[in-house]
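Structure first, commentary second.
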Amino acid sequence: MRPGRLRRIAGVAAAACLSAGAAGSASGADDASGSRALAGMSPKSLYLLRCSGCHRPDGQGAISAGVPPFAGFMGPLTRDPMGRTYVTHVPGIAGSGLSNAQVAEVLNYVLEDLSAEGPEGRRPFSEAEVARLRAQSIPDVVAYRRGVVARLAKQGVPAVAYPWP
Ligand code: HEC
């Protein structure tokens, strides 16, 4: 990996810490205090508060900052078992302080409203599935994404633009 890439990844990681810290929690899976503060919020509000800073309110992301768009790729990702594991381990979720139920809700919001998938292409998450997937250990999420992208490419699914191969 070139130093330029490392610096950008470090920048995104710092931004993730800042946004998680600002909301009072920087820890990982199913953080009870963080999720209590957000209790009762709609999935859309959770998204706007915890995700839209990087992914934008419309889910377009920002290619130059390494944030891929949801439209066109979220559907294929969530129809693949490895892809489902991957999306529950992205840094924005790992550092979000959201409970498993909230992660299921916010991912289902992304699928329904921002993925450009029709109802037949959506495979929603349950709290129980999120709990099971988050319990798996994924030490390097960028490398894991690469594996998922290669797997989907074999099925003829092109990856969305993403600056880190
Ligand atoms: C600090 C910026 C940031 C925040 C906040 C953030 N994300 Fe992300 N997200 C990223 C980046 C960067 C990626 C690309 C994967 C990577 O580099 O790890 C990503 C990838 C994803 C992906 C997989 C898309 C793909 O094509 O790889 C999903 C799904 C996702 N994020 C959902 C969320 C949700 C839901 C939230 C809010 C709870 C959230 N993210 C918060 C930066 C962020």
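Chain lettering (A, B, ...) mirrors the order of the structure tokens, residue numbering begins at 1 for each chain separately, and ligand numbering begins at 1 in order of display.
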(message) Could you list, as a VMD selection string, every residue within 9 Å of range 131-145 of chain A, counting only C-alpha atoms and ignoring same-chain residues fewer than 4 positions away?
(response) chain A and resid 29 to 30 82 to 91 94 99 to 101 126 to 127 149 to 150 164 to 165
Taking a cut-off of 6 Å and counting only C-alpha atoms and all ligand atoms, can you build a table that, for each residue of chain A near ligand 1, reports the nearest atom pair and how far apart they are in Å (one decimal), sorted by chain then residue number, as a tab-separated table?
residue	atom	partner	partner_atom_place_in_ligand_line	distance
A:Val12	CA	ligand 1	1 (C)	5.3
A:Ala15	CA	ligand 1	1 (C)	4.8
A:Ala16	CA	ligand 1	1 (C)	3.6
A:Tyr47	CA	ligand 1	37 (C)	5.6
A:Arg50	CA	ligand 1	37 (C)	4.6
A:Cys51	CA	ligand 1	37 (C)	3.4
A:Gly53	CA	ligand 1	5 (C)	5.8
A:Cys54	CA	ligand 1	2 (C)	4.4
A:Gly66	CA	ligand 1	12 (C)	5.0
A:Val67	CA	ligand 1	12 (C)	4.2
A:Pro68	CA	ligand 1	26 (O)	5.1
A:Val87	CA	ligand 1	29 (C)	4.6
A:Val90	CA	ligand 1	18 (O)	5.2
A:Pro91	CA	ligand 1	18 (O)	5.8
A:Gly92	CA	ligand 1	41 (C)	3.4
A:Ile93	CA	ligand 1	38 (C)	4.7
A:Ser96	CA	ligand 1	38 (C)	5.7
A:Val106	CA	ligand 1	35 (C)	5.5
A:Leu107	CA	ligand 1	35 (C)	5.3
A:Val141	CA	ligand 1	18 (O)	5.9
A:Val142	CA	ligand 1	18 (O)	5.2
With C-alpha atoms retained, export the selected residues as a compact mmCIF listing (two decimals), in the first residue's frame.
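result.txt, written as the output of this step:
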# COMPACT_ATOMS: atom_id res chain seq x y z
CA VAL A 12 -11.26 8.51 7.35
CA ALA A 15 -13.19 11.26 11.06
CA ALA A 16 -15.00 8.09 12.19
CA TYR A 47 -28.83 7.45 9.33
CA ARG A 50 -24.50 8.64 12.27
CA CYS A 51 -23.97 7.94 8.58
CA GLY A 53 -21.76 12.90 7.25
CA CYS A 54 -19.70 10.51 5.11
CA GLY A 66 -13.09 6.74 -0.38
CA VAL A 67 -16.79 6.55 0.47
CA PRO A 68 -18.57 4.42 -2.15
CA VAL A 87 -21.69 -4.56 5.72
CA VAL A 90 -17.72 -1.43 8.06
CA PRO A 91 -15.97 1.12 10.32
CA GLY A 92 -19.00 3.45 10.32
CA ILE A 93 -21.03 0.71 11.97
CA SER A 96 -21.27 3.80 15.75
CA VAL A 106 -30.36 1.61 9.62
CA LEU A 107 -29.11 -1.00 7.10
CA VAL A 141 -12.36 -4.89 6.62
CA VAL A 142 -10.81 -3.34 3.49
(message) Need the shell around Asn108 in chain A: protein/DNA/RNA residues with any atom at most 8 Å away, counting only C-alpha atoms. Skip same-chain ones fewer than 3 positions apart. Format as a PyMOL selection string?
(response) chain A and resi 104-105+111-112+124-125
Save out the residues we just selected, N, CA and C atoms, as a CSV table (one decimal), in the first residue's frame.
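Once written, selection_9.csv looks like this:
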chain,number,residue,atom,x,y,z
A,104,ALA,N,-29.6,-3.1,12.3
A,104,ALA,CA,-30.5,-3.8,11.4
A,104,ALA,C,-31.5,-2.7,10.8
A,105,GLU,N,-32.0,-1.8,11.6
A,105,GLU,CA,-32.9,-0.8,11.1
A,105,GLU,C,-32.2,0.2,10.1
A,111,LEU,N,-31.1,0.1,2.5
A,111,LEU,CA,-31.6,-0.8,1.4
A,111,LEU,C,-32.9,-0.3,0.8
A,112,GLU,N,-33.8,0.1,1.6
A,112,GLU,CA,-35.1,0.6,1.1
A,112,GLU,C,-35.0,1.9,0.4
A,124,PRO,N,-33.8,-7.9,3.8
A,124,PRO,CA,-33.6,-7.1,5.0
A,124,PRO,C,-32.9,-7.9,6.1
A,125,PHE,N,-32.3,-7.1,7.1
A,125,PHE,CA,-31.6,-7.7,8.2
A,125,PHE,C,-32.6,-7.8,9.4
(request) Give the answer as one residue: which of A:Ala128, A:Met74, A:Leu152, A:Ala39 has the shortest atom-to-atom distance to Ala116 in chain A, using only C-alpha atoms? (result)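 Residue with the minimum atom-to-atom distance to Ala116 in chain A: A:Met74.
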